[in-house]
$ cat query_10.txt   # compact mmCIF, C-alpha atoms
# COMPACT_ATOMS: atom_id res chain seq x y z
CA MET A 1 -3.70 4.00 -2.13
CA HIS A 2 -0.41 3.50 -0.54
CA LYS A 3 1.74 4.44 2.38
CA LEU A 4 5.53 4.33 2.67
CA LEU A 5 6.93 2.82 5.81
CA GLY A 6 10.56 3.39 6.77
CA LEU A 7 12.73 1.08 8.82
CA LEU A 8 16.44 1.67 9.26
CA ASN A 9 18.59 -1.42 9.85
CA THR A 10 22.12 -0.30 10.59
CA ARG A 11 25.54 -1.96 10.59
CA TYR A 12 28.32 -0.31 12.58
CA LEU A 13 32.08 -0.47 12.15
CA PHE A 14 34.14 0.94 15.06
CA ILE A 15 37.74 1.99 14.36
CA LYS A 16 39.81 3.14 17.29
CA LYS A 17 42.21 6.06 16.66
CA SER A 18 44.70 8.00 18.77
CA PHE A 19 45.02 11.78 18.47
CA LYS A 20 47.17 13.91 20.83
CA GLY A 21 46.94 11.36 23.59
CA PHE A 22 43.19 10.97 23.31
CA SER A 23 41.39 7.93 21.98
CA PHE A 24 38.23 8.11 19.99
CA CYS A 25 36.19 5.97 17.62
CA LEU A 26 35.20 6.53 14.04
CA ILE A 27 31.87 5.01 13.10
CA ALA A 28 31.19 3.84 9.59
CA VAL A 29 27.50 3.34 9.06
CA SER A 30 26.07 1.12 6.38
CA ALA A 31 22.32 1.58 6.59
CA PHE A 32 19.71 -0.45 4.84
CA LEU A 33 16.66 1.72 4.28
CA SER A 34 13.60 -0.48 3.94
CA LEU A 35 10.73 1.01 1.96
CA CYS A 36 7.45 -0.82 1.87
CA ILE A 37 4.40 0.16 -0.11
CA THR A 38 0.95 -1.28 0.47
CA VAL A 39 -1.41 -1.38 -2.47
CA GLU A 40 -5.03 -2.47 -2.89
CA ASP A 41 -5.94 -1.53 -6.46
CA SER A 42 -6.30 -4.23 -9.08
CA ALA A 43 -3.73 -2.86 -11.52
CA GLY A 44 -0.08 -3.85 -11.28
CA GLN A 45 1.90 -1.58 -8.99
CA GLY A 46 5.59 -1.32 -8.36
CA LEU A 47 8.26 0.22 -6.18
CA GLY A 48 11.86 0.41 -7.31
CA ASN A 49 12.44 -2.48 -9.71
CA LEU A 50 9.82 -4.72 -8.09
CA GLN A 51 6.32 -5.15 -9.53
CA VAL A 52 3.53 -7.53 -8.52
CA ILE A 53 0.35 -8.38 -10.44
CA PRO A 54 -2.39 -8.41 -9.25
CA THR A 55 -2.23 -6.33 -6.09
CA ARG A 56 -5.21 -7.87 -4.33
CA ILE A 57 -6.25 -11.49 -3.87
CA VAL A 58 -9.79 -12.39 -2.74
CA PHE A 59 -10.85 -15.97 -2.02
CA ASP A 60 -14.62 -16.01 -2.28
CA GLY A 61 -17.22 -18.64 -3.07
CA ARG A 62 -15.57 -21.79 -4.45
CA LYS A 63 -12.24 -20.17 -5.26
CA ARG A 64 -9.42 -22.17 -3.69
CA SER A 65 -6.29 -21.13 -5.62
CA ALA A 66 -4.66 -17.98 -6.96
CA GLN A 67 -1.31 -16.78 -8.23
CA VAL A 68 0.78 -13.62 -8.14
CA ASN A 69 3.27 -12.61 -10.82
CA VAL A 70 6.47 -11.12 -9.36
CA ILE A 71 8.42 -9.06 -11.90
CA ASN A 72 12.00 -7.75 -11.81
CA ASN A 73 12.07 -4.59 -13.92
CA GLY A 74 15.71 -3.88 -13.07
CA VAL A 75 18.93 -4.50 -14.99
CA GLU A 76 20.47 -6.89 -12.47
CA PRO A 77 19.30 -10.17 -10.90
CA ALA A 78 17.24 -9.71 -7.74
CA THR A 79 16.15 -11.95 -4.88
CA TYR A 80 12.83 -11.48 -3.12
CA ARG A 81 11.64 -13.08 0.10
CA ILE A 82 7.91 -13.72 0.50
CA SER A 83 6.06 -13.79 3.81
CA PHE A 84 2.85 -12.72 5.50
CA LYS A 85 2.28 -9.85 7.92
CA ASN A 86 -0.82 -8.48 9.62
CA MET A 87 -1.61 -4.79 9.23
CA ARG A 88 -4.33 -2.45 10.39
CA MET A 89 -5.74 0.38 8.30
CA LYS A 90 -5.86 3.73 10.08
CA GLU A 91 -8.48 6.40 9.57
CA ASP A 92 -6.35 8.29 7.05
CA GLY A 93 -5.89 5.16 4.91
CA SER A 94 -2.32 4.49 6.02
CA TYR A 95 -1.26 1.23 7.69
CA GLU A 96 0.37 0.10 10.89
CA ASP A 97 1.70 -3.29 11.93
CA ILE A 98 -0.54 -5.12 14.37
CA GLU A 99 1.13 -5.83 17.69
CA LYS A 100 -2.01 -7.04 19.42
CA ALA A 101 -5.14 -8.13 17.59
CA LEU A 102 -8.50 -6.59 18.39
CA PRO A 103 -11.38 -8.97 19.20
CA ASN A 104 -12.99 -8.44 15.77
CA GLU A 105 -9.82 -8.74 13.66
CA LYS A 106 -9.48 -11.99 11.70
CA PHE A 107 -6.27 -12.97 9.90
CA ALA A 108 -5.85 -15.10 6.77
CA GLU A 109 -2.19 -16.13 7.12
CA ASP A 110 -2.99 -19.50 8.74
CA LEU A 111 -5.48 -20.33 5.97
CA ILE A 112 -3.07 -19.86 3.04
CA ARG A 113 -0.31 -22.12 1.74
CA TYR A 114 2.03 -20.59 -0.82
CA SER A 115 5.11 -21.48 -2.83
CA PRO A 116 7.87 -20.56 -3.40
CA ARG A 117 8.85 -18.47 -0.39
CA GLN A 118 11.94 -16.97 -1.97
CA VAL A 119 12.62 -16.26 -5.63
CA GLU A 120 15.65 -15.14 -7.64
CA ILE A 121 14.58 -13.37 -10.81
CA GLN A 122 16.75 -12.35 -13.74
CA PRO A 123 16.40 -8.83 -15.22
CA GLY A 124 13.19 -8.36 -17.15
CA GLU A 125 11.83 -11.75 -16.11
CA SER A 126 9.09 -12.87 -13.72
CA GLN A 127 8.20 -15.64 -11.29
CA ILE A 128 4.79 -17.00 -10.36
CA VAL A 129 3.91 -17.47 -6.68
CA ARG A 130 1.01 -19.86 -6.17
CA LEU A 131 -1.46 -19.62 -3.30
CA LEU A 132 -3.74 -22.37 -2.03
CA LEU A 133 -6.63 -21.87 0.41
CA ARG A 134 -6.98 -24.42 3.21
CA LYS A 135 -10.01 -23.66 5.37
CA LYS A 136 -10.06 -25.17 8.81
CA ARG A 137 -13.00 -27.29 9.92
CA GLY A 138 -15.44 -25.27 11.98
CA LEU A 139 -14.08 -21.94 10.72
CA PRO A 140 -16.38 -19.15 11.96
CA PRO A 141 -17.98 -17.10 9.17
CA GLY A 142 -16.47 -13.74 8.38
CA GLU A 143 -13.77 -11.99 6.40
CA TYR A 144 -10.13 -12.87 7.09
CA ARG A 145 -7.26 -10.65 5.89
CA SER A 146 -3.47 -10.68 5.96
CA HIS A 147 -0.93 -8.93 3.75
CA MET A 148 1.57 -10.79 1.58
CA LEU A 149 4.97 -9.14 1.73
CA PHE A 150 7.46 -9.24 -1.15
CA ARG A 151 10.77 -7.85 0.10
CA ALA A 152 14.02 -7.50 -1.81
CA ILE A 153 17.11 -9.10 -0.23
CA PRO A 154 20.22 -6.89 -0.56
CA PRO A 155 23.24 -8.39 -2.35
CA GLU A 156 26.00 -9.84 -0.17
CA THR A 157 28.37 -7.10 -1.38
CA SER A 158 26.14 -4.31 -0.04
CA GLY A 159 27.91 -2.20 2.54
CA LYS A 160 31.44 -3.55 1.93
CA SER A 161 32.69 -0.50 0.07
CA ILE A 162 31.90 1.80 2.98
CA GLU A 163 33.90 -0.31 5.38
CA SER A 164 36.96 0.09 3.17
CA LEU A 165 36.56 3.87 3.44
CA ALA A 166 35.96 3.98 7.18
CA GLY A 167 39.34 5.36 8.19
CA GLU A 168 39.92 7.95 5.49
CA LYS A 169 40.30 11.60 6.55
CA GLY A 170 38.82 10.88 9.97
CA GLU A 171 35.29 11.21 8.63
CA ILE A 172 32.11 9.34 9.41
CA LYS A 173 30.87 7.56 6.30
CA ILE A 174 27.16 6.96 5.76
CA GLN A 175 25.72 4.83 2.98
CA LEU A 176 21.98 4.31 2.48
CA ILE A 177 20.99 1.18 0.57
CA PRO A 178 17.29 1.04 -0.33
CA ILE A 179 15.54 -2.29 0.17
CA PHE A 180 12.20 -2.31 -1.61
CA GLY A 181 9.12 -4.21 -0.61
CA ILE A 182 5.46 -4.41 -1.55
CA THR A 183 2.54 -5.81 0.41
CA ILE A 184 -0.77 -6.85 -1.11
CA PRO A 185 -3.94 -7.76 0.80
CA VAL A 186 -5.02 -11.41 0.72
CA ILE A 187 -8.65 -11.81 1.78
CA VAL A 188 -10.64 -14.94 2.60
CA ARG A 189 -14.43 -14.60 2.74
CA HIS A 190 -16.19 -17.43 4.53
CA GLY A 191 -19.97 -17.57 4.68
CA LYS A 192 -22.48 -15.02 3.49
CA GLY A 193 -21.65 -11.35 3.60
CA SER A 194 -22.19 -7.95 2.05
CA ALA A 195 -21.09 -4.34 2.36
CA THR A 196 -22.53 -0.95 1.46
CA ALA A 197 -20.85 2.44 1.21
CA GLY A 198 -21.75 6.04 1.92
CA MET A 199 -20.03 9.43 1.72
CA GLU A 200 -20.27 12.49 3.93
CA ASP A 201 -18.38 15.61 5.04
CA LEU A 202 -17.32 16.61 1.51
CA GLU A 203 -15.09 19.68 1.53
CA VAL A 204 -12.92 21.41 -1.06
CA ASN A 205 -9.77 22.88 0.47
CA ASP A 206 -8.10 25.72 -1.45
CA PRO A 207 -4.32 25.40 -1.75
CA LYS A 208 -2.29 27.53 0.64
CA LYS A 209 0.56 27.95 -1.86
CA PRO A 210 0.26 29.40 -5.38
CA GLY A 211 0.35 26.81 -8.13
CA LYS A 212 -0.86 23.97 -5.91
CA SER A 213 -3.99 21.97 -6.70
CA PRO A 214 -7.11 22.10 -4.53
CA MET A 215 -7.95 18.96 -2.54
CA LEU A 216 -11.27 17.30 -1.94
CA THR A 217 -11.61 15.53 1.41
CA LEU A 218 -14.47 13.31 2.48
CA ARG A 219 -15.40 10.53 4.85
CA LEU A 220 -16.10 7.16 3.22
CA ASN A 221 -18.32 4.97 5.41
CA ARG A 222 -18.70 1.19 5.33
CA GLN A 223 -21.57 -0.95 6.61
CA GLY A 224 -21.75 -4.73 6.61
CA ASN A 225 -19.29 -7.55 7.27
CA ARG A 226 -17.04 -7.22 4.21
CA SER A 227 -14.38 -4.78 3.04
CA LEU A 228 -15.00 -2.21 0.34
CA PHE A 229 -12.90 -1.71 -2.80
CA GLY A 230 -13.46 0.79 -5.57
CA ASP A 231 -12.31 3.71 -7.69
CA MET A 232 -13.32 7.28 -6.94
CA THR A 233 -13.86 10.05 -9.49
CA ALA A 234 -14.78 13.71 -9.16
CA LYS A 235 -16.57 15.59 -11.96
CA PHE A 236 -17.37 19.29 -12.12
CA LYS A 237 -20.21 20.95 -14.05
CA PRO A 238 -20.17 24.76 -14.19
CA GLU A 239 -23.42 26.65 -13.53
CA ASN A 240 -23.03 28.51 -16.83
CA GLY A 241 -23.95 25.35 -18.73
CA GLY A 242 -20.50 24.17 -19.72
CA ASP A 243 -19.56 20.53 -20.22
CA GLU A 244 -19.13 18.23 -17.24
CA LEU A 245 -15.40 17.62 -16.70
CA GLU A 246 -13.57 14.89 -14.81
CA ILE A 247 -11.16 16.76 -12.54
CA GLY A 248 -9.98 14.05 -10.13
CA ARG A 249 -9.55 10.29 -9.83
CA VAL A 250 -8.04 7.87 -7.36
CA ASN A 251 -8.09 4.10 -7.91
CA GLY A 252 -8.02 1.30 -5.40
CA VAL A 253 -9.74 3.02 -2.47
CA ALA A 254 -10.39 0.44 0.24
CA VAL A 255 -12.12 0.38 3.60
CA PHE A 256 -11.01 -2.81 5.34
CA THR A 257 -12.90 -4.57 8.09
CA PRO A 258 -13.29 -3.90 10.95
CA ASN A 259 -12.97 -0.17 10.08
CA LYS A 260 -16.30 1.61 9.74
CA SER A 261 -14.91 4.59 7.83
CA ARG A 262 -11.82 6.34 6.53
CA ILE A 263 -10.83 9.79 5.31
CA VAL A 264 -10.13 10.07 1.58
CA SER A 265 -8.17 12.94 -0.01
CA LEU A 266 -8.56 13.51 -3.74
CA LYS A 267 -6.42 15.92 -5.74
CA LEU A 268 -8.52 18.11 -8.05
CA SER A 269 -6.98 19.22 -11.35
CA PRO A 270 -9.34 21.41 -13.41
CA PRO A 271 -8.24 22.00 -17.02
CA GLU A 272 -6.40 25.22 -17.76
CA GLY A 273 -8.83 28.12 -17.91
CA VAL A 274 -11.50 26.37 -15.81
CA GLU A 275 -12.08 27.90 -12.39
CA LEU A 276 -13.42 25.61 -9.66
CA LYS A 277 -16.20 28.00 -8.69
CA ARG A 278 -19.97 28.29 -9.13
CA GLY A 279 -20.79 24.76 -10.14
CA LEU A 280 -21.71 21.25 -9.05
CA LEU A 281 -19.11 18.72 -7.94
CA GLN A 282 -20.18 15.09 -8.41
CA VAL A 283 -18.21 12.38 -6.57
CA VAL A 284 -18.74 8.72 -7.51
CA TYR A 285 -17.29 5.65 -5.77
CA ARG A 286 -17.70 2.50 -7.85
CA GLU A 287 -16.37 -1.00 -8.20
CA ASN A 288 -13.48 -1.76 -10.51
CA PRO A 289 -14.75 -2.91 -13.94
CA ASP A 290 -13.35 -6.38 -13.26
CA ASP A 291 -15.51 -6.57 -10.12
CA GLY A 292 -18.74 -5.50 -11.81
CA ASP A 293 -18.44 -1.68 -12.18
CA LYS A 294 -21.34 -1.14 -9.76
CA ILE A 295 -21.77 2.30 -8.20
CA LEU A 296 -21.20 1.91 -4.46
CA ALA A 297 -21.84 5.50 -3.38
CA GLU A 298 -22.22 8.97 -4.87
CA LYS A 299 -22.55 12.47 -3.50
CA GLN A 300 -22.87 16.02 -4.82
CA LEU A 301 -21.37 19.22 -3.48
CA ARG A 302 -22.32 22.69 -4.71
CA VAL A 303 -19.23 24.88 -5.09
CA PRO A 304 -19.97 28.59 -4.49

$ encode --input "query_10.txt" --output "structure tokens"
Amino acid sequence: MHKLLGLLNTRYLFIKKSFKGFSFCLIAVSAFLSLCITVEDSAGQGLGNLQVIPTRIVFDGRKRSAQVNVINNGVEPATYRISFKNMRMKEDGSYEDIEKALPNEKFAEDLIRYSPRQVEIQPGESQIVRLLLRKKRGLPPGEYRSHMLFRAIPPETSGKSIESLAGEKGEIKIQLIPIFGITIPVIVRHGKGSATAGMEDLEVNDPKKPGKSPMLTLRLNRQGNRSLFGDMTAKFKPENGGDELEIGRVNGVAVFTPNKSRIVSLKLSPPEGVELKRGLLQVVYRENPDDGDKILAEKQLRVP
């Protein structure tokens, strides 16, 4: 799951003009639009020309090192700056930057050493970023999480062309330059821990507009002292005895500590000719195959 966050960093160019005895300013705006996507699923994800693999790092047991592959899928060289930030998951699964930590929030940024912190990657090539865990003596048990941010650095020439056009025809010029970034969760588990999942409040919402897909909403609950990660599928079996059909899937559904629950929305796409009525909807939340493929929670809903 992911959430786009927008941040507009703006450069201004003021040009003073005189018109019929009055003075006024033209403003040329060169805006850098920063788009950041947060991902938790284990497959490689990308935004723009930037891709990182894997998209979640967990230090557990005796694991003390890890690496992330940063890939430039573009046609020009690109520079990416790497840093840590702390984020909080909201009830709808989106994220917000943490301005003030809650008493039960633990961060991993001070426990991780990583290198390099900035990379320049040629088109179609990749760079490995290595992470090393350094636990502090006397570290209290628990789960620690921070998000590793990979942000593209705009070329030095960005925004120059607009300044050359600032005075033409007395118009205000606006140029938006996208700056792409991806964050991935980095989790340190210290001491014993476990987590269990449950589902409730399943509801199928019919689309308000013709041609739109119905949506399944539910509340995913977490118990224990660890975060949950898994893939969610929805299958439908008609009452008339037809075959069970997979009609929805969303990968990388997480419930991070200290959150106790979150709302999940799942798009349902029945095959053509299959009506989502009079049948049984089966929803399964299970670990990724690389994590063991264990069923974490399941729930049924009878569709009238």

$ residues_around --input "query_10.txt" --residues "Ile57 of chain A" --least-positions-apart "2" --cutoff "9 Å" --atoms "only C-alpha atoms" --output "compact mmCIF listing (two decimals) with C-alpha atoms, keeping the file's coordinate frame"
# COMPACT_ATOMS: atom_id res chain seq x y z
CA SER A 42 -6.30 -4.23 -9.08
CA PRO A 54 -2.39 -8.41 -9.25
CA THR A 55 -2.23 -6.33 -6.09
CA PHE A 59 -10.85 -15.97 -2.02
CA ALA A 66 -4.66 -17.98 -6.96
CA GLN A 67 -1.31 -16.78 -8.23
CA VAL A 68 0.78 -13.62 -8.14
CA ILE A 184 -0.77 -6.85 -1.11
CA PRO A 185 -3.94 -7.76 0.80
CA VAL A 186 -5.02 -11.41 0.72
CA ILE A 187 -8.65 -11.81 1.78
CA VAL A 188 -10.64 -14.94 2.60

$ residues_near_point --input "query_10.txt" --point "(-1.7, -3.1, 10.7)" --cutoff "7 Å" --atoms "all atoms listed in the file" --output "PyMOL selection string"
chain A and resi 86-89+95-98

$ closest_residue --input "query_10.txt" --among "A:Tyr114, A:Phe150, A:Tyr285, A:Tyr80" --to "Leu220 of chain A" --atoms "all atoms listed in the file"
A:Tyr285

$ atom_distance --input "query_10.txt" --atom1 "atom CA of Asn225 of chain A" --atom2 "atom CA of Asp291 of chain A"
17.8 Å

$ closest_residue --input "query_10.txt" --among "A:Arg302, A:Lys192, A:Arg151, A:Lys90" --to "Lys260 of chain A" --atoms "all atoms listed in the file"
A:Lys90

$ atom_distance --input "query_10.txt" --atom1 "atom CA of Gly74 of chain A" --atom2 "atom CA of Leu50 of chain A"
7.8 Å

$ residues_around --input "query_10.txt" --residues "Gly138 of chain A" --least-positions-apart "3" --cutoff "12 Å" --atoms "all atoms listed in the file" --output "ChimeraX atom specification"
/A:135,141,190-191

$ closest_residue --input "query_10.txt" --among "A:Gly273, A:Glu298, A:Arg81, A:Arg286" --to "Val129 of chain A" --atoms "all atoms listed in the file"
A:Arg81

$ atom_distance --input "query_10.txt" --atom1 "atom CA of Asp293 of chain A" --atom2 "atom CA of Val253 of chain A"
13.9 Å

$ closest_residue --input "query_10.txt" --among "A:Ala195, A:Asn288, A:Gly252, A:Leu218" --to "Leu301 of chain A" --atoms "only C-alpha atoms"
A:Leu218

$ closest_residue --input "query_10.txt" --among "A:Gly198, A:Pro271, A:Gly279, A:Pro214" --to "Leu296 of chain A" --atoms "only C-alpha atoms"
A:Gly198

$ closest_residue --input "query_10.txt" --among "A:Gln223, A:Ser94, A:Asn251, A:Thr183" --to "Ile82 of chain A" --atoms "all atoms listed in the file"
A:Thr183

$ decode --input "query_10.txt" --residues "segment 210-240 of chain A" --atoms "C-alpha atoms" --output "PDB file, in the first residue's frame"
ATOM      1  CA  PRO A 210     -21.809   3.171 -13.635  1.00  0.00           C
ATOM      2  CA  GLY A 211     -18.811   1.156 -14.751  1.00  0.00           C
ATOM      3  CA  LYS A 212     -16.977   1.480 -11.430  1.00  0.00           C
ATOM      4  CA  SER A 213     -15.913  -1.556  -9.408  1.00  0.00           C
ATOM      5  CA  PRO A 214     -17.415  -2.387  -6.015  1.00  0.00           C
ATOM      6  CA  MET A 215     -15.143  -1.977  -2.977  1.00  0.00           C
ATOM      7  CA  LEU A 216     -14.727  -4.181   0.037  1.00  0.00           C
ATOM      8  CA  THR A 217     -13.861  -2.363   3.263  1.00  0.00           C
ATOM      9  CA  LEU A 218     -12.872  -3.970   6.536  1.00  0.00           C
ATOM     10  CA  ARG A 219     -11.038  -3.336   9.769  1.00  0.00           C
ATOM     11  CA  LEU A 220      -7.786  -5.260  10.212  1.00  0.00           C
ATOM     12  CA  ASN A 221      -6.862  -5.642  13.884  1.00  0.00           C
ATOM     13  CA  ARG A 222      -3.445  -6.341  15.387  1.00  0.00           C
ATOM     14  CA  GLN A 223      -2.580  -7.801  18.788  1.00  0.00           C
ATOM     15  CA  GLY A 224       0.891  -8.300  20.221  1.00  0.00           C
ATOM     16  CA  ASN A 225       4.130  -6.320  20.201  1.00  0.00           C
ATOM     17  CA  ARG A 226       5.120  -6.668  16.530  1.00  0.00           C
ATOM     18  CA  SER A 227       3.892  -5.257  13.235  1.00  0.00           C
ATOM     19  CA  LEU A 228       1.854  -7.274  10.774  1.00  0.00           C
ATOM     20  CA  PHE A 229       2.658  -7.782   7.083  1.00  0.00           C
ATOM     21  CA  GLY A 230       0.712  -9.805   4.566  1.00  0.00           C
ATOM     22  CA  ASP A 231      -1.223 -10.099   1.323  1.00  0.00           C
ATOM     23  CA  MET A 232      -5.010  -9.995   1.214  1.00  0.00           C
ATOM     24  CA  THR A 233      -7.240 -11.836  -1.257  1.00  0.00           C
ATOM     25  CA  ALA A 234     -10.997 -11.942  -1.752  1.00  0.00           C
ATOM     26  CA  LYS A 235     -12.728 -14.960  -3.333  1.00  0.00           C
ATOM     27  CA  PHE A 236     -16.386 -15.301  -4.270  1.00  0.00           C
ATOM     28  CA  LYS A 237     -18.399 -18.530  -4.515  1.00  0.00           C
ATOM     29  CA  PRO A 238     -21.916 -18.221  -5.975  1.00  0.00           C
ATOM     30  CA  GLU A 239     -24.791 -19.994  -4.209  1.00  0.00           C
ATOM     31  CA  ASN A 240     -25.734 -21.739  -7.460  1.00  0.00           C
TER      32      ASN A 240
END
